[in-house]
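See below for coords_28.csv, which holds CSV, C-alpha atoms.
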chain,number,residue,atom,x,y,z
A,11,MET,CA,-56.8,5.6,-16.4
A,12,ARG,CA,-55.6,6.2,-12.9
A,13,THR,CA,-57.0,3.1,-11.3
A,14,ASN,CA,-55.5,3.1,-7.9
A,15,GLN,CA,-55.8,6.9,-7.3
A,16,LEU,CA,-59.5,6.9,-6.6
A,17,ILE,CA,-59.4,4.4,-3.7
A,18,ILE,CA,-56.3,6.0,-2.3
A,19,ALA,CA,-57.7,9.5,-2.5
A,20,LEU,CA,-61.0,8.5,-1.0
A,21,PHE,CA,-59.3,6.7,1.9
A,22,GLN,CA,-56.9,9.6,2.5
A,23,ARG,CA,-59.8,12.1,2.6
A,24,PHE,CA,-61.7,9.8,4.9
A,25,CYS,CA,-58.8,9.6,7.3
A,26,TRP,CA,-58.4,13.4,7.1
A,27,LEU,CA,-62.1,13.8,8.1
A,28,ASP,CA,-61.9,11.2,10.9
A,29,GLU,CA,-58.7,12.6,12.3
A,30,GLY,CA,-60.1,16.2,12.2
A,31,LEU,CA,-63.3,15.0,13.9
A,32,GLN,CA,-61.4,13.1,16.6
A,33,ALA,CA,-59.1,16.1,17.3
A,34,ARG,CA,-62.1,18.4,17.7
A,35,LEU,CA,-63.9,16.0,20.0
A,36,HIS,CA,-60.7,15.6,22.0
A,37,ASP,CA,-60.4,19.4,22.3
A,38,HIS,CA,-64.0,19.5,23.7
A,39,GLY,CA,-63.1,17.0,26.4
A,40,TRP,CA,-64.7,13.9,24.9
A,41,PRO,CA,-63.1,10.4,25.4
A,42,ASP,CA,-60.7,9.5,22.7
A,43,VAL,CA,-62.2,6.9,20.3
A,44,ASN,CA,-60.3,4.9,17.8
A,45,ARG,CA,-61.3,4.5,14.1
A,46,PRO,CA,-63.2,1.2,14.7
A,47,GLN,CA,-65.2,2.9,17.5
A,48,SER,CA,-65.8,5.9,15.3
A,49,MET,CA,-67.1,3.5,12.6
A,50,VAL,CA,-69.4,1.8,15.1
A,51,MET,CA,-70.9,5.2,16.0
A,52,THR,CA,-71.3,6.0,12.3
A,53,ASN,CA,-73.3,2.8,11.8
A,54,ILE,CA,-75.5,3.4,14.9
A,55,VAL,CA,-76.3,6.9,13.7
A,56,SER,CA,-77.1,5.4,10.3
A,57,GLY,CA,-79.6,3.0,11.9
A,58,ILE,CA,-77.5,-0.1,11.8
A,59,VAL,CA,-77.7,-1.3,15.4
A,60,ARG,CA,-77.2,-5.1,15.6
A,61,PRO,CA,-73.6,-6.0,16.3
A,62,SER,CA,-73.6,-8.7,13.6
A,63,ASP,CA,-74.9,-6.2,11.0
A,64,ILE,CA,-72.3,-3.7,12.0
A,65,ALA,CA,-69.6,-6.3,11.7
A,66,ARG,CA,-70.8,-7.3,8.3
A,67,ASN,CA,-71.0,-3.7,7.2
A,68,LEU,CA,-67.4,-3.1,8.3
A,69,GLY,CA,-66.1,-6.4,7.0
A,70,ILE,CA,-64.8,-7.5,10.3
A,71,SER,CA,-65.6,-10.5,12.6
A,72,ARG,CA,-68.3,-10.6,15.1
A,73,GLN,CA,-65.7,-11.1,17.8
A,74,ALA,CA,-63.9,-8.0,16.8
A,75,ILE,CA,-67.1,-5.9,16.8
A,76,HIS,CA,-68.0,-7.2,20.2
A,77,SER,CA,-64.6,-6.3,21.5
A,78,THR,CA,-64.9,-2.8,20.1
A,79,ILE,CA,-68.5,-2.4,21.5
A,80,SER,CA,-67.3,-3.6,24.9
A,81,GLN,CA,-64.6,-0.9,24.9
A,82,MET,CA,-67.3,1.7,24.0
A,83,VAL,CA,-69.6,0.4,26.8
A,84,GLY,CA,-66.6,0.9,29.1
A,85,LEU,CA,-66.3,4.5,27.9
A,86,GLY,CA,-70.0,5.0,28.7
A,87,ILE,CA,-70.9,6.1,25.1
A,88,VAL,CA,-73.0,3.0,24.1
A,89,GLN,CA,-75.1,0.4,25.7
A,90,LEU,CA,-76.2,-3.1,24.6
A,91,ASP,CA,-79.8,-4.1,25.1
A,92,VAL,CA,-82.0,-7.0,24.0
A,93,ASP,CA,-83.6,-6.3,20.6
A,94,PRO,CA,-87.3,-5.8,21.3
A,95,ALA,CA,-88.1,-6.9,17.7
A,96,ASP,CA,-86.2,-10.2,18.2
A,97,ARG,CA,-85.1,-11.2,21.7
A,98,ARG,CA,-82.5,-13.6,20.3
A,99,HIS,CA,-80.4,-10.5,19.2
A,100,MET,CA,-78.8,-7.6,20.9
A,101,ILE,CA,-78.8,-4.0,19.7
A,102,VAL,CA,-76.3,-1.3,20.5
A,103,SER,CA,-77.4,2.3,21.1
A,104,LEU,CA,-75.9,5.6,22.2
A,105,THR,CA,-76.1,6.4,25.9
A,106,ASP,CA,-77.0,9.9,27.0
A,107,LEU,CA,-73.3,10.7,27.0
A,108,GLY,CA,-72.9,9.1,23.6
A,109,ALA,CA,-75.8,11.2,22.3
A,110,ARG,CA,-74.2,14.4,23.6
A,111,MET,CA,-70.9,13.3,22.0
A,112,ARG,CA,-72.7,12.7,18.7
A,113,LYS,CA,-74.2,16.2,18.8
A,114,ASP,CA,-70.7,17.7,19.3
A,115,ALA,CA,-69.5,15.4,16.5
A,116,GLN,CA,-72.2,16.7,14.2
A,117,ARG,CA,-71.2,20.3,14.9
A,118,SER,CA,-67.5,19.3,14.3
A,119,MET,CA,-68.4,17.7,11.0
A,120,ASP,CA,-70.4,20.8,10.0
A,121,ALA,CA,-67.2,22.9,10.7
A,122,LEU,CA,-65.0,20.4,8.7
A,123,THR,CA,-67.5,20.5,5.8
A,124,ALA,CA,-67.5,24.3,5.8
A,125,GLN,CA,-63.7,24.2,5.8
A,126,ILE,CA,-63.6,21.8,2.8
A,127,ALA,CA,-66.1,24.0,0.9
A,128,ALA,CA,-64.1,27.1,1.6
A,129,ARG,CA,-60.8,25.4,0.5
A,130,LEU,CA,-62.3,23.8,-2.7
A,131,GLY,CA,-64.8,26.5,-3.5
A,132,GLN,CA,-68.5,25.9,-3.1
A,133,ASP,CA,-69.0,24.8,-6.8
A,134,LYS,CA,-66.3,22.1,-6.5
A,135,PHE,CA,-67.6,21.0,-3.1
A,136,ASP,CA,-71.2,20.7,-4.4
A,137,ALA,CA,-69.9,18.7,-7.4
A,138,LEU,CA,-67.9,16.4,-5.2
A,139,LEU,CA,-70.8,15.8,-2.9
A,140,ALA,CA,-73.2,15.2,-5.9
A,141,ALA,CA,-70.7,12.7,-7.4
A,142,LEU,CA,-70.4,10.8,-4.0
A,143,GLU,CA,-74.2,10.8,-3.5
A,144,ALA,CA,-75.0,9.7,-7.0
A,145,ASP,CA,-76.3,6.2,-7.6
A,146,TRP,CA,-73.3,4.2,-8.8
A,147,GLY,CA,-75.4,1.1,-9.4
A,148,ASP,CA,-74.9,-2.3,-8.2
A,149,ASN,CA,-71.3,-3.5,-7.7
A,150,ILE,CA,-71.9,-6.8,-9.4
A,151,ASP,CA,-70.3,-6.2,-12.8
A,152,ARG,CA,-67.8,-9.0,-12.2
A,153,PRO,CA,-68.1,-12.8,-12.3
A,154,VAL,CA,-69.0,-13.9,-8.8
A,155,ALA,CA,-66.8,-16.7,-7.5
A,156,ALA,CA,-67.8,-18.9,-4.7
A,157,PRO,CA,-66.3,-17.7,-1.4
A,158,LEU,CA,-63.4,-19.7,-0.1
A,159,GLY,CA,-64.5,-21.5,3.0
A,160,ARG,CA,-62.0,-22.5,5.7
A,161,GLN,CA,-61.6,-26.0,4.3
A,162,ARG,CA,-61.0,-24.7,0.8
A,163,LEU,CA,-58.5,-22.1,2.1
A,164,ARG,CA,-56.6,-24.9,3.9
A,165,ASP,CA,-56.7,-27.1,0.8
A,166,ARG,CA,-55.5,-24.3,-1.4
A,167,ASP,CA,-52.5,-23.5,0.8
A,168,GLN,CA,-51.7,-27.1,1.5
A,169,PRO,CA,-49.0,-28.8,-0.6
A,170,SER,CA,-50.2,-31.8,-2.5
A,171,GLY,CA,-50.7,-34.9,-0.4
A,172,GLY,CA,-49.9,-33.1,2.9
A,173,HIS,CA,-52.0,-32.5,6.0
A,174,PHE,CA,-52.2,-29.7,8.5
A,175,ASP,CA,-51.4,-30.7,12.1
A,176,GLN,CA,-54.5,-30.2,14.1
How does this structure look as C-alpha coordinates?
Amino acid sequence: MRTNQLIIALFQRFCWLDEGLQARLHDHGWPDVNRPQSMVMTNIVSGIVRPSDIARNLGISRQAIHSTISQMVGLGIVQLDVDPADRRHMIVSLTDLGARMRKDAQRSMDALTAQIAARLGQDKFDALLAALEADWGDNIDRPVAAPLGRQRLRDRDQPSGGHFDQ
(Lines of atoms letter the chains of each structure in order from A and count residues from 1; the text may use other names and numbers.)
(Lines give C-alpha, C1' and ligand atoms only; values in the text may rest on other atoms or scores of the structure.)
Protein backbone atom coordinates (compact mmCIF):
# COMPACT_ATOMS: atom_id res chain seq x y z
CA MET A 1 0.00 0.00 0.00
CA ARG A 2 1.26 3.51 -0.82
CA THR A 3 0.42 5.07 2.53
CA ASN A 4 2.08 8.47 2.23
CA GLN A 5 1.18 9.07 -1.39
CA LEU A 6 -2.47 9.97 -0.81
CA ILE A 7 -1.85 12.84 1.59
CA ILE A 8 1.07 14.12 -0.46
CA ALA A 9 -0.89 13.96 -3.72
CA LEU A 10 -3.95 15.64 -2.19
CA PHE A 11 -1.84 18.40 -0.67
CA GLN A 12 0.11 18.98 -3.90
CA ARG A 13 -3.11 19.23 -5.91
CA PHE A 14 -4.63 21.55 -3.32
CA CYS A 15 -1.57 23.79 -3.60
CA TRP A 16 -1.81 23.65 -7.41
CA LEU A 17 -5.43 24.80 -7.24
CA ASP A 18 -4.78 27.52 -4.67
CA GLU A 19 -1.74 28.87 -6.55
CA GLY A 20 -3.70 28.87 -9.82
CA LEU A 21 -6.59 30.67 -8.15
CA GLN A 22 -4.30 33.26 -6.55
CA ALA A 23 -2.48 33.88 -9.86
CA ARG A 24 -5.77 34.43 -11.70
CA LEU A 25 -7.07 36.77 -9.01
CA HIS A 26 -3.79 38.70 -9.09
CA ASP A 27 -4.04 38.99 -12.88
CA HIS A 28 -7.54 40.48 -12.45
CA GLY A 29 -6.15 43.15 -10.10
CA TRP A 30 -7.36 41.74 -6.79
CA PRO A 31 -5.28 42.13 -3.63
CA ASP A 32 -2.87 39.25 -3.08
CA VAL A 33 -4.00 36.93 -0.31
CA ASN A 34 -1.90 34.28 1.34
CA ARG A 35 -3.00 30.68 1.92
CA PRO A 36 -4.39 31.26 5.45
CA GLN A 37 -6.44 34.19 4.14
CA SER A 38 -7.65 32.05 1.25
CA MET A 39 -8.68 29.34 3.73
CA VAL A 40 -10.59 31.91 5.82
CA MET A 41 -12.50 32.96 2.70
CA THR A 42 -13.25 29.31 1.90
CA ASN A 43 -14.66 28.84 5.40
CA ILE A 44 -16.80 31.98 5.16
CA VAL A 45 -18.22 30.86 1.82
CA SER A 46 -18.92 27.45 3.40
CA GLY A 47 -20.95 29.14 6.16
CA ILE A 48 -18.36 28.95 8.93
CA VAL A 49 -18.27 32.55 10.16
CA ARG A 50 -17.23 32.64 13.81
CA PRO A 51 -13.47 33.18 14.13
CA SER A 52 -13.21 30.50 16.83
CA ASP A 53 -14.97 27.98 14.56
CA ILE A 54 -12.71 28.90 11.62
CA ALA A 55 -9.65 28.48 13.84
CA ARG A 56 -10.87 25.07 15.03
CA ASN A 57 -11.67 24.01 11.46
CA LEU A 58 -8.17 25.00 10.27
CA GLY A 59 -6.42 23.61 13.34
CA ILE A 60 -4.83 26.90 14.32
CA SER A 61 -5.01 29.12 17.38
CA ARG A 62 -7.65 31.78 17.86
CA GLN A 63 -4.83 34.33 18.06
CA ALA A 64 -3.56 33.26 14.64
CA ILE A 65 -7.02 33.45 13.10
CA HIS A 66 -7.64 36.89 14.57
CA SER A 67 -4.33 38.07 13.12
CA THR A 68 -5.27 36.67 9.70
CA ILE A 69 -8.75 38.21 9.85
CA SER A 70 -7.26 41.57 10.89
CA GLN A 71 -5.03 41.48 7.81
CA MET A 72 -8.09 40.75 5.67
CA VAL A 73 -10.03 43.61 7.28
CA GLY A 74 -7.08 45.83 6.37
CA LEU A 75 -7.36 44.67 2.76
CA GLY A 76 -11.05 45.56 2.83
CA ILE A 77 -12.29 42.08 1.89
CA VAL A 78 -13.91 41.04 5.20
CA GLN A 79 -15.52 42.71 8.16
CA LEU A 80 -16.15 41.68 11.75
CA ASP A 81 -19.54 42.24 13.33
CA VAL A 82 -21.31 41.18 16.50
CA ASP A 83 -23.13 37.88 15.98
CA PRO A 84 -26.85 38.76 16.10
CA ALA A 85 -27.62 35.21 17.32
CA ASP A 86 -25.21 35.51 20.27
CA ARG A 87 -23.87 38.95 21.10
CA ARG A 88 -20.93 37.42 23.02
CA HIS A 89 -19.41 36.33 19.69
CA MET A 90 -18.22 38.00 16.53
CA ILE A 91 -18.83 36.87 12.98
CA VAL A 92 -16.74 37.54 9.92
CA SER A 93 -18.33 38.26 6.56
CA LEU A 94 -17.28 39.38 3.12
CA THR A 95 -17.47 43.07 2.35
CA ASP A 96 -18.86 44.22 -1.00
CA LEU A 97 -15.26 44.13 -2.28
CA GLY A 98 -14.80 40.64 -0.85
CA ALA A 99 -18.05 39.46 -2.47
CA ARG A 100 -16.91 40.75 -5.87
CA MET A 101 -13.55 39.06 -5.33
CA ARG A 102 -15.36 35.84 -4.44
CA LYS A 103 -17.34 35.98 -7.71
CA ASP A 104 -14.10 36.33 -9.66
CA ALA A 105 -12.64 33.50 -7.59
CA GLN A 106 -15.60 31.28 -8.50
CA ARG A 107 -15.11 32.03 -12.20
CA SER A 108 -11.40 31.25 -11.81
CA MET A 109 -12.18 27.96 -10.05
CA ASP A 110 -14.61 27.10 -12.85
CA ALA A 111 -11.79 27.68 -15.37
CA LEU A 112 -9.33 25.62 -13.31
CA THR A 113 -11.90 22.83 -12.99
CA ALA A 114 -12.46 22.82 -16.75
CA GLN A 115 -8.67 22.72 -17.25
CA ILE A 116 -8.35 19.69 -14.96
CA ALA A 117 -11.25 17.90 -16.68
CA ALA A 118 -9.67 18.57 -20.08
CA ARG A 119 -6.28 17.27 -18.95
CA LEU A 120 -7.58 14.16 -17.16
CA GLY A 121 -10.53 13.46 -19.41
CA GLN A 122 -14.10 13.97 -18.25
CA ASP A 123 -14.57 10.35 -17.09
CA LYS A 124 -11.48 10.44 -14.85
CA PHE A 125 -12.43 13.88 -13.55
CA ASP A 126 -15.97 12.72 -12.71
CA ALA A 127 -14.55 9.63 -10.95
CA LEU A 128 -12.10 11.79 -8.98
CA LEU A 129 -14.83 14.17 -7.87
CA ALA A 130 -17.16 11.30 -6.97
CA ALA A 131 -14.43 9.68 -4.84
CA LEU A 132 -13.70 12.95 -3.04
CA GLU A 133 -17.39 13.69 -2.47
CA ALA A 134 -18.19 10.14 -1.26
CA ASP A 135 -18.98 9.61 2.40
CA TRP A 136 -15.74 8.29 3.87
CA GLY A 137 -17.41 7.66 7.24
CA ASP A 138 -16.27 8.87 10.61
CA ASN A 139 -12.57 9.19 11.21
CA ILE A 140 -12.67 7.45 14.59
CA ASP A 141 -11.37 4.00 13.71
CA ARG A 142 -8.44 4.44 16.09
CA PRO A 143 -8.15 4.38 19.86
CA VAL A 144 -8.77 7.85 21.18
CA ALA A 145 -6.07 9.02 23.58
CA ALA A 146 -6.62 11.89 25.96
CA PRO A 147 -5.17 15.08 24.50
CA LEU A 148 -1.96 16.25 26.06
CA GLY A 149 -2.65 19.40 28.04
CA ARG A 150 0.06 21.99 28.65
CA GLN A 151 0.96 20.52 32.02
CA ARG A 152 1.19 16.97 30.63
CA LEU A 153 3.32 18.23 27.74
CA ARG A 154 5.69 19.95 30.17
CA ASP A 155 5.80 16.86 32.38
CA ARG A 156 6.47 14.60 29.39
CA ASP A 157 9.34 16.75 28.14
CA GLN A 158 10.79 17.32 31.60
CA PRO A 159 13.64 15.12 32.84
CA SER A 160 12.77 13.21 36.02
CA GLY A 161 12.87 15.34 39.12
CA GLY A 162 13.53 18.61 37.26
CA HIS A 163 11.49 21.77 37.02
CA PHE A 164 10.99 24.34 34.32
CA ASP A 165 12.07 27.85 35.12
CA GLN A 166 8.93 29.96 35.13
Requested in this report: Kindly indicate which residue among A:Pro46, A:Ile101, A:Val88, A:Phe21 lies nearest to Asp63 in chain A, using all atoms listed in the file for the distances.
Outcome: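 Checking each candidate against Asp63 in chain A, we get A:Ile101 as the closest.
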Query raised in the report: CA of Arg97 in chain A to CA of Val59 in chain A: how many Å, to one decimal?
Result: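 It comes out at 13.9 Å.
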Query raised in the report: List as JSON, numbers by chain: which residues have an atom within 12 Å of (-68.0, 19.2, 8.1), counting only C-alpha atoms?
Result: {"A": [24, 26, 27, 28, 30, 31, 34, 114, 115, 116, 117, 118, 119, 120, 121, 122, 123, 124, 125, 126, 127, 128, 135, 139]}
Requested in this report: Can you pull out every residue within 10 Å of range 38-43 of chain A, counting all atoms listed in the file, but drop anything in the same chain fewer than 4 positions away, and send it as number ranges by chain?
Outcome: A: 32-34, 47-49, 51, 81-82, 85-87, 107-108, 110-111, 114-115
Query - Atom-to-atom span, CA of Arg45 in chain A and CA of Cys25 in chain A, Å - result: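 Separation of CA of Arg45 in chain A and CA of Cys25 in chain A: 8.9 Å.
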